[in-house]
Amino acid sequence: MKLALVDYGDTQCTNEVLEILEGILDEKGFSSDRATYFHASKAAHLSEIKGYDVVVALGSDAMKKLCKVDRTLKEYAGCMTYNPDMNTWVLPTYHPNGIYQEKYAEFDFTYDHVRRAVDVLDGVLPFRTPRAPR
């Protein structure tokens, strides 16, 4: 099963932050071959992330684009949402670049959310597969 880390908008993850995210995956024993980082600024990039089993939406722009909700990230971070257009689960979280703005509590949530996504993919945490509408 594969994981996509998706980021939208003008700001993308720095190399240092990507190394931290990779470290979280390594810590869980999740092969980096099973995870891909995408920075997208256009809807056309949605087709690139189809086929991933879980998508972690990094930041509010990614959450709004991938979860199709009209809520703040503070209200919705950590809520697994099924995106039927992409046929995948999306887990919104805070943008990890917040660590540069000393938003350590938000980064702690990001850390936990990435670990949860890995646990779902590895079967440690169960999640149901949505049924097709009748």
# chains A, B, ... in the order shown; residues from 1 in each chain; ligands from 1
$ select_by_dssp --residues "segment 52-127 of chain A" --states "alpha helix (DSSP H)" --output "MDAnalysis selection string"
chainID A and resid 60:67 73:76 104:121
$ write_last_selection --atoms "N, CA and C atoms" --output "PDB file, in the first residue's frame"
ATOM      1  N   SER A  60      -3.704  23.733   4.957  1.00  0.00           N
ATOM      2  CA  SER A  60      -5.110  24.040   4.694  1.00  0.00           C
ATOM      3  C   SER A  60      -5.446  24.055   3.210  1.00  0.00           C
ATOM      4  N   ASP A  61      -4.528  24.517   2.360  1.00  0.00           N
ATOM      5  CA  ASP A  61      -4.818  24.516   0.920  1.00  0.00           C
ATOM      6  C   ASP A  61      -5.028  23.088   0.418  1.00  0.00           C
ATOM      7  N   ALA A  62      -4.170  22.182   0.836  1.00  0.00           N
ATOM      8  CA  ALA A  62      -4.300  20.780   0.419  1.00  0.00           C
ATOM      9  C   ALA A  62      -5.584  20.172   0.987  1.00  0.00           C
ATOM     10  N   MET A  63      -5.903  20.503   2.247  1.00  0.00           N
ATOM     11  CA  MET A  63      -7.125  19.978   2.854  1.00  0.00           C
ATOM     12  C   MET A  63      -8.351  20.422   2.062  1.00  0.00           C
ATOM     13  N   LYS A  64      -8.424  21.707   1.739  1.00  0.00           N
ATOM     14  CA  LYS A  64      -9.592  22.218   1.015  1.00  0.00           C
ATOM     15  C   LYS A  64      -9.710  21.583  -0.360  1.00  0.00           C
ATOM     16  N   LYS A  65      -8.598  21.364  -1.010  1.00  0.00           N
ATOM     17  CA  LYS A  65      -8.597  20.793  -2.350  1.00  0.00           C
ATOM     18  C   LYS A  65      -8.955  19.304  -2.331  1.00  0.00           C
ATOM     19  N   LEU A  66      -8.424  18.573  -1.359  1.00  0.00           N
ATOM     20  CA  LEU A  66      -8.557  17.121  -1.380  1.00  0.00           C
ATOM     21  C   LEU A  66      -9.712  16.585  -0.540  1.00  0.00           C
ATOM     22  N   CYS A  67     -10.128  17.330   0.465  1.00  0.00           N
ATOM     23  CA  CYS A  67     -11.226  16.856   1.327  1.00  0.00           C
ATOM     24  C   CYS A  67     -12.560  17.487   0.970  1.00  0.00           C
ATOM     25  N   LEU A  73      -8.636  24.256   9.095  1.00  0.00           N
ATOM     26  CA  LEU A  73      -7.746  23.124   9.335  1.00  0.00           C
ATOM     27  C   LEU A  73      -7.727  22.767  10.817  1.00  0.00           C
ATOM     28  N   LYS A  74      -7.819  23.769  11.655  1.00  0.00           N
ATOM     29  CA  LYS A  74      -7.826  23.517  13.101  1.00  0.00           C
ATOM     30  C   LYS A  74      -8.995  22.611  13.489  1.00  0.00           C
ATOM     31  N   GLU A  75     -10.131  22.780  12.829  1.00  0.00           N
ATOM     32  CA  GLU A  75     -11.315  21.954  13.106  1.00  0.00           C
ATOM     33  C   GLU A  75     -11.202  20.552  12.505  1.00  0.00           C
ATOM     34  N   TYR A  76     -10.481  20.437  11.396  1.00  0.00           N
ATOM     35  CA  TYR A  76     -10.554  19.219  10.598  1.00  0.00           C
ATOM     36  C   TYR A  76      -9.279  18.377  10.569  1.00  0.00           C
ATOM     37  N   TYR A 104       5.338  24.411  17.191  1.00  0.00           N
ATOM     38  CA  TYR A 104       5.736  23.065  17.582  1.00  0.00           C
ATOM     39  C   TYR A 104       4.543  22.167  17.898  1.00  0.00           C
ATOM     40  N   ALA A 105       3.509  22.717  18.491  1.00  0.00           N
ATOM     41  CA  ALA A 105       2.329  21.907  18.802  1.00  0.00           C
ATOM     42  C   ALA A 105       1.689  21.402  17.510  1.00  0.00           C
ATOM     43  N   GLU A 106       1.617  22.260  16.495  1.00  0.00           N
ATOM     44  CA  GLU A 106       1.077  21.839  15.207  1.00  0.00           C
ATOM     45  C   GLU A 106       1.950  20.754  14.600  1.00  0.00           C
ATOM     46  N   PHE A 107       3.259  20.902  14.736  1.00  0.00           N
ATOM     47  CA  PHE A 107       4.153  19.887  14.177  1.00  0.00           C
ATOM     48  C   PHE A 107       3.974  18.555  14.897  1.00  0.00           C
ATOM     49  N   ASP A 108       3.707  18.602  16.195  1.00  0.00           N
ATOM     50  CA  ASP A 108       3.435  17.361  16.939  1.00  0.00           C
ATOM     51  C   ASP A 108       2.222  16.647  16.354  1.00  0.00           C
ATOM     52  N   PHE A 109       1.187  17.421  15.984  1.00  0.00           N
ATOM     53  CA  PHE A 109       0.014  16.821  15.352  1.00  0.00           C
ATOM     54  C   PHE A 109       0.389  16.220  13.997  1.00  0.00           C
ATOM     55  N   THR A 110       1.183  16.939  13.222  1.00  0.00           N
ATOM     56  CA  THR A 110       1.622  16.433  11.917  1.00  0.00           C
ATOM     57  C   THR A 110       2.354  15.109  12.093  1.00  0.00           C
ATOM     58  N   TYR A 111       3.246  15.064  13.063  1.00  0.00           N
ATOM     59  CA  TYR A 111       3.996  13.850  13.375  1.00  0.00           C
ATOM     60  C   TYR A 111       3.032  12.702  13.668  1.00  0.00           C
ATOM     61  N   ASP A 112       2.065  12.942  14.542  1.00  0.00           N
ATOM     62  CA  ASP A 112       1.090  11.910  14.901  1.00  0.00           C
ATOM     63  C   ASP A 112       0.233  11.491  13.706  1.00  0.00           C
ATOM     64  N   HIS A 113      -0.156  12.450  12.873  1.00  0.00           N
ATOM     65  CA  HIS A 113      -1.010  12.137  11.724  1.00  0.00           C
ATOM     66  C   HIS A 113      -0.262  11.298  10.688  1.00  0.00           C
ATOM     67  N   VAL A 114       0.994  11.610  10.440  1.00  0.00           N
ATOM     68  CA  VAL A 114       1.776  10.809   9.482  1.00  0.00           C
ATOM     69  C   VAL A 114       1.940   9.389  10.028  1.00  0.00           C
ATOM     70  N   ARG A 115       2.209   9.267  11.317  1.00  0.00           N
ATOM     71  CA  ARG A 115       2.319   7.940  11.935  1.00  0.00           C
ATOM     72  C   ARG A 115       0.996   7.178  11.823  1.00  0.00           C
ATOM     73  N   ARG A 116      -0.127   7.858  12.015  1.00  0.00           N
ATOM     74  CA  ARG A 116      -1.437   7.213  11.898  1.00  0.00           C
ATOM     75  C   ARG A 116      -1.668   6.726  10.469  1.00  0.00           C
ATOM     76  N   ALA A 117      -1.304   7.537   9.483  1.00  0.00           N
ATOM     77  CA  ALA A 117      -1.462   7.122   8.086  1.00  0.00           C
ATOM     78  C   ALA A 117      -0.672   5.838   7.815  1.00  0.00           C
ATOM     79  N   VAL A 118       0.545   5.757   8.339  1.00  0.00           N
ATOM     80  CA  VAL A 118       1.361   4.557   8.175  1.00  0.00           C
ATOM     81  C   VAL A 118       0.704   3.371   8.876  1.00  0.00           C
ATOM     82  N   ASP A 119       0.190   3.586  10.073  1.00  0.00           N
ATOM     83  CA  ASP A 119      -0.481   2.506  10.801  1.00  0.00           C
ATOM     84  C   ASP A 119      -1.694   1.985  10.037  1.00  0.00           C
ATOM     85  N   VAL A 120      -2.425   2.863   9.378  1.00  0.00           N
ATOM     86  CA  VAL A 120      -3.566   2.439   8.559  1.00  0.00           C
ATOM     87  C   VAL A 120      -3.070   1.609   7.383  1.00  0.00           C
ATOM     88  N   LEU A 121      -2.031   2.080   6.714  1.00  0.00           N
ATOM     89  CA  LEU A 121      -1.504   1.368   5.554  1.00  0.00           C
ATOM     90  C   LEU A 121      -0.922   0.007   5.924  1.00  0.00           C
TER      91      LEU A 121
END
$ select_by_dssp --residues "chain A" --states "strand (DSSP E)" --output "number ranges by chain"
A: 3-8, 35-40, 54-58, 81-83, 88-93
$ residues_around --residues "Arg34 of chain A" --least-positions-apart "5" --cutoff "9 Å" --atoms "only C-alpha atoms" --output "compact mmCIF listing (two decimals) with N, CA, C and O atoms, in the first residue's frame"
# COMPACT_ATOMS: atom_id res chain seq x y z
N MET A 1 0.84 -1.17 0.00
CA MET A 1 0.00 0.00 0.00
C MET A 1 0.89 1.24 0.00
O MET A 1 1.94 1.25 0.60
N LYS A 2 0.41 2.29 -0.68
CA LYS A 2 1.24 3.47 -0.91
C LYS A 2 0.67 4.72 -0.24
O LYS A 2 -0.54 4.89 -0.14
N LEU A 3 1.59 5.61 0.13
CA LEU A 3 1.27 6.86 0.81
C LEU A 3 1.70 8.03 -0.06
O LEU A 3 2.82 8.03 -0.59
N ALA A 4 0.83 9.03 -0.18
CA ALA A 4 1.19 10.28 -0.84
C ALA A 4 1.14 11.41 0.19
O ALA A 4 0.19 11.51 0.95
$ atom_distance --atom1 "atom CA of Leu58 of chain A" --atom2 "atom CA of Val6 of chain A"
5.8 Å
$ residues_around --residues "segment 83-92 of chain A" --least-positions-apart "3" --cutoff "7 Å" --atoms "only C-alpha atoms" --output "MDAnalysis selection string"
chainID A and resid 50 52:58 63 66:67 77:80
$ closest_residue --among "A:Tyr8, A:Gly59, A:Asp122, A:Ser31" --to "Asn97 of chain A" --atoms "only C-alpha atoms"
A:Gly59
$ atom_distance --atom1 "atom CA of Phe38 of chain A" --atom2 "atom CA of Asp7 of chain A"
6.2 Å
